[in-house]
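These notes are about the structure you will find just below.
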Amino acid sequence: MLQVNSVSKQELEQAISDFMLELGIPAHLRGYQYLRSAVSMCAENMELVGSVTKLLYPDLAKLYQTTDQKIERAIRNAIEVSWERGNSELFEELFGYCNGNGYSRPTNSEYIATVADYIRLKYELL
């Protein structure tokens, strides 16, 4: 479906996975899978970022046959884990702040939007 600038859907998914692992999100968490799909969907359509609870979570819930509340909680947990244990230099570069500075973690929407925007810019998915 998405073949922009010779980047296949599979290559995009791999890039998102690699980046999430770099951020410190363990692949065994349920939220990892949900977050990877959320970032991929938002990278393709940034309008979803503005409607995370109204559009994105329900779409993910249908895709994974669960509830949007479970999607939200699993993503929040994955972000919390990466915030506590992840690469603080990369967080500083991406978000402008990190756990080491005493800041609280980014919200689900901030995290998804920032990572999706990074992927869009890196792979020129405009």
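Letters A, B, ... mark the chains of the structure tokens in the order given; residue numbers begin at 1 per chain; ligand numbers begin at 1, in order shown.
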All residues 12 Å or closer to range 55-71 of chain A, only C-alpha atoms, same chain fewer than 5 positions away omitted, as a ChimeraX atom specification: /A:29-42,45-50,76-78,108-109,112-113
Write the residues of the selection above to a file with N, CA and C atoms, as an mmCIF file, in the first residue's frame.
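Written output follows (again20.cif):
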data_model
loop_
_atom_site.group_PDB
_atom_site.id
_atom_site.type_symbol
_atom_site.label_atom_id
_atom_site.label_comp_id
_atom_site.auth_asym_id
_atom_site.auth_seq_id
_atom_site.Cartn_x
_atom_site.Cartn_y
_atom_site.Cartn_z
ATOM 1 N N LEU A 29 6.166 -6.566 25.493
ATOM 2 C CA LEU A 29 4.981 -5.888 26.029
ATOM 3 C C LEU A 29 3.895 -5.796 24.967
ATOM 4 N N ARG A 30 2.666 -5.975 25.382
ATOM 5 C CA ARG A 30 1.528 -5.839 24.477
ATOM 6 C C ARG A 30 1.493 -4.441 23.861
ATOM 7 N N GLY A 31 1.820 -3.449 24.665
ATOM 8 C CA GLY A 31 1.815 -2.065 24.201
ATOM 9 C C GLY A 31 2.806 -1.800 23.083
ATOM 10 N N TYR A 32 3.857 -2.595 23.008
ATOM 11 C CA TYR A 32 4.842 -2.452 21.937
ATOM 12 C C TYR A 32 4.167 -2.637 20.585
ATOM 13 N N GLN A 33 3.405 -3.709 20.473
ATOM 14 C CA GLN A 33 2.698 -4.019 19.217
ATOM 15 C C GLN A 33 1.693 -2.920 18.880
ATOM 16 N N TYR A 34 0.927 -2.494 19.883
ATOM 17 C CA TYR A 34 -0.073 -1.455 19.672
ATOM 18 C C TYR A 34 0.591 -0.135 19.269
ATOM 19 N N LEU A 35 1.670 0.195 19.949
ATOM 20 C CA LEU A 35 2.381 1.442 19.686
ATOM 21 C C LEU A 35 3.005 1.437 18.296
ATOM 22 N N ARG A 36 3.557 0.301 17.899
ATOM 23 C CA ARG A 36 4.141 0.194 16.558
ATOM 24 C C ARG A 36 3.062 0.429 15.496
ATOM 25 N N SER A 37 1.906 -0.172 15.678
ATOM 26 C CA SER A 37 0.805 0.029 14.734
ATOM 27 C C SER A 37 0.318 1.476 14.758
ATOM 28 N N ALA A 38 0.234 2.061 15.953
ATOM 29 C CA ALA A 38 -0.215 3.454 16.081
ATOM 30 C C ALA A 38 0.732 4.402 15.359
ATOM 31 N N VAL A 39 2.027 4.207 15.548
ATOM 32 C CA VAL A 39 3.019 5.062 14.892
ATOM 33 C C VAL A 39 2.938 4.890 13.379
ATOM 34 N N SER A 40 2.792 3.663 12.925
ATOM 35 C CA SER A 40 2.699 3.396 11.488
ATOM 36 C C SER A 40 1.465 4.074 10.898
ATOM 37 N N MET A 41 0.329 3.944 11.568
ATOM 38 C CA MET A 41 -0.910 4.545 11.084
ATOM 39 C C MET A 41 -0.793 6.075 11.049
ATOM 40 N N CYS A 42 -0.185 6.650 12.085
ATOM 41 C CA CYS A 42 -0.044 8.107 12.154
ATOM 42 C C CYS A 42 1.001 8.618 11.173
ATOM 43 N N ASN A 45 -0.934 8.884 8.126
ATOM 44 C CA ASN A 45 -2.016 9.862 8.190
ATOM 45 C C ASN A 45 -1.907 10.640 9.500
ATOM 46 N N MET A 46 -1.210 11.778 9.464
ATOM 47 C CA MET A 46 -0.952 12.551 10.687
ATOM 48 C C MET A 46 -2.231 13.134 11.300
ATOM 49 N N GLU A 47 -3.329 13.135 10.568
ATOM 50 C CA GLU A 47 -4.585 13.627 11.129
ATOM 51 C C GLU A 47 -5.060 12.760 12.288
ATOM 52 N N LEU A 48 -4.643 11.504 12.316
ATOM 53 C CA LEU A 48 -5.022 10.610 13.413
ATOM 54 C C LEU A 48 -4.459 11.083 14.750
ATOM 55 N N VAL A 49 -3.335 11.784 14.720
ATOM 56 C CA VAL A 49 -2.704 12.265 15.948
ATOM 57 C C VAL A 49 -3.629 13.219 16.695
ATOM 58 N N GLY A 50 -4.406 13.987 15.958
ATOM 59 C CA GLY A 50 -5.325 14.932 16.579
ATOM 60 C C GLY A 50 -6.564 14.281 17.171
ATOM 61 N N ARG A 76 0.351 3.234 27.310
ATOM 62 C CA ARG A 76 0.863 4.039 28.421
ATOM 63 C C ARG A 76 1.912 3.264 29.209
ATOM 64 N N ASN A 77 1.656 1.985 29.450
ATOM 65 C CA ASN A 77 2.613 1.157 30.183
ATOM 66 C C ASN A 77 3.927 1.021 29.412
ATOM 67 N N ALA A 78 3.853 0.796 28.103
ATOM 68 C CA ALA A 78 5.062 0.667 27.282
ATOM 69 C C ALA A 78 5.873 1.960 27.314
ATOM 70 N N ASN A 108 0.715 9.777 25.838
ATOM 71 C CA ASN A 108 0.604 8.851 24.713
ATOM 72 C C ASN A 108 0.560 9.618 23.395
ATOM 73 N N SER A 109 -0.252 10.661 23.336
ATOM 74 C CA SER A 109 -0.399 11.447 22.107
ATOM 75 C C SER A 109 0.915 12.105 21.713
ATOM 76 N N ILE A 112 3.371 9.312 20.466
ATOM 77 C CA ILE A 112 2.992 8.806 19.141
ATOM 78 C C ILE A 112 3.261 9.864 18.073
ATOM 79 N N ALA A 113 2.858 11.105 18.329
ATOM 80 C CA ALA A 113 3.047 12.180 17.360
ATOM 81 C C ALA A 113 4.525 12.431 17.078
#
Which polymer residues have any atom within 9 Å of an atom of range 93-96 of chain A, counting only C-alpha atoms, with same-chain residues fewer than 6 positions away left out, as a ChimeraX atom specification? /A:106,110-111,114-115,118
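Between CA of Ala74 in chain A and CA of Lys54 in chain A lies a distance of 17.0 Å.
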Ser104 in chain A: which residues within 12 Å, counting only C-alpha atoms, same-chain residues fewer than 3 positions away excluded, as a list in words?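 The residues satisfying every condition are Ile79, Glu80, Trp83, Glu84, Phe91, Phe95, Tyr97, Cys98, Asn99, Gly100, Asn101 and Thr107 of chain A.
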Go ahead and save the residues from that selection, with N, CA, C and O atoms, as an mmCIF file, in the first residue's frame.
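Output file out01.cif follows:
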data_model
loop_
_atom_site.group_PDB
_atom_site.id
_atom_site.type_symbol
_atom_site.label_atom_id
_atom_site.label_comp_id
_atom_site.auth_asym_id
_atom_site.auth_seq_id
_atom_site.Cartn_x
_atom_site.Cartn_y
_atom_site.Cartn_z
ATOM 1 N N ILE A 79 5.188 3.093 27.260
ATOM 2 C CA ILE A 79 5.876 4.388 27.305
ATOM 3 C C ILE A 79 6.523 4.590 28.671
ATOM 4 O O ILE A 79 7.664 5.060 28.766
ATOM 5 N N GLU A 80 5.815 4.229 29.746
ATOM 6 C CA GLU A 80 6.376 4.358 31.094
ATOM 7 C C GLU A 80 7.645 3.526 31.246
ATOM 8 O O GLU A 80 8.640 3.995 31.801
ATOM 9 N N TRP A 83 10.416 5.140 29.309
ATOM 10 C CA TRP A 83 10.802 6.383 29.965
ATOM 11 C C TRP A 83 11.719 6.104 31.148
ATOM 12 O O TRP A 83 12.698 6.813 31.364
ATOM 13 N N GLU A 84 11.408 5.070 31.902
ATOM 14 C CA GLU A 84 12.212 4.726 33.082
ATOM 15 C C GLU A 84 13.532 4.058 32.717
ATOM 16 O O GLU A 84 14.547 4.318 33.345
ATOM 17 N N PHE A 91 15.812 10.383 24.156
ATOM 18 C CA PHE A 91 14.623 11.117 24.608
ATOM 19 C C PHE A 91 14.895 12.612 24.618
ATOM 20 O O PHE A 91 14.048 13.403 24.193
ATOM 21 N N PHE A 95 12.442 14.720 22.380
ATOM 22 C CA PHE A 95 11.409 15.468 23.110
ATOM 23 C C PHE A 95 11.908 16.773 23.716
ATOM 24 O O PHE A 95 11.122 17.593 24.147
ATOM 25 N N TYR A 97 13.564 16.851 26.470
ATOM 26 C CA TYR A 97 13.702 16.580 27.899
ATOM 27 C C TYR A 97 13.774 15.077 28.101
ATOM 28 O O TYR A 97 13.462 14.306 27.196
ATOM 29 N N CYS A 98 14.199 14.678 29.297
ATOM 30 C CA CYS A 98 14.289 13.246 29.580
ATOM 31 C C CYS A 98 14.027 12.997 31.053
ATOM 32 O O CYS A 98 13.915 13.926 31.851
ATOM 33 N N ASN A 99 13.957 11.734 31.425
ATOM 34 C CA ASN A 99 13.689 11.313 32.785
ATOM 35 C C ASN A 99 14.748 11.845 33.748
ATOM 36 O O ASN A 99 14.443 12.230 34.860
ATOM 37 N N GLY A 100 15.988 11.872 33.305
ATOM 38 C CA GLY A 100 17.091 12.324 34.156
ATOM 39 C C GLY A 100 16.961 13.766 34.595
ATOM 40 O O GLY A 100 17.557 14.179 35.581
ATOM 41 N N ASN A 101 16.190 14.565 33.891
ATOM 42 C CA ASN A 101 15.996 15.972 34.234
ATOM 43 C C ASN A 101 14.825 16.184 35.186
ATOM 44 O O ASN A 101 14.472 17.315 35.472
ATOM 45 N N THR A 107 2.982 12.282 27.174
ATOM 46 C CA THR A 107 1.679 11.624 27.078
ATOM 47 C C THR A 107 1.700 10.657 25.889
ATOM 48 O O THR A 107 2.579 10.739 25.031
#
Among range 1-101 of chain A, which ones does DSSP place in helix (DSSP H, G or I), written as number ranges by chain? A: 9-23, 30-44, 46-64, 68-85, 88-95, 99-101
Considering only C-alpha atoms, state which residue in the set A:Gly102, A:Val52, A:Ser82, A:Glu44 is at the smallest distance from Ala27 in chain A.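 Between A:Gly102, A:Val52, A:Ser82, A:Glu44, the residue approaching Ala27 in chain A most closely is A:Ser82.
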Quick one: distance from CA of Ala116 in chain A to CA of Tyr103 in chain A in Å, one decimal?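 For CA of Ala116 in chain A relative to CA of Tyr103 in chain A, the distance reads 21.6 Å.
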Which polymer residues have any atom within 9 Å of an atom of Asn87 in chain A, counting only C-alpha atoms, with same-chain residues fewer than 6 positions away left out, as a PyMOL selection string? chain A and resi 22-24+98
Here is a test: counting only C-alpha atoms, which residue of A:Leu12, A:Ser51, A:Met20, A:Ser88 is nearest to Glu124 in chain A? A:Leu12
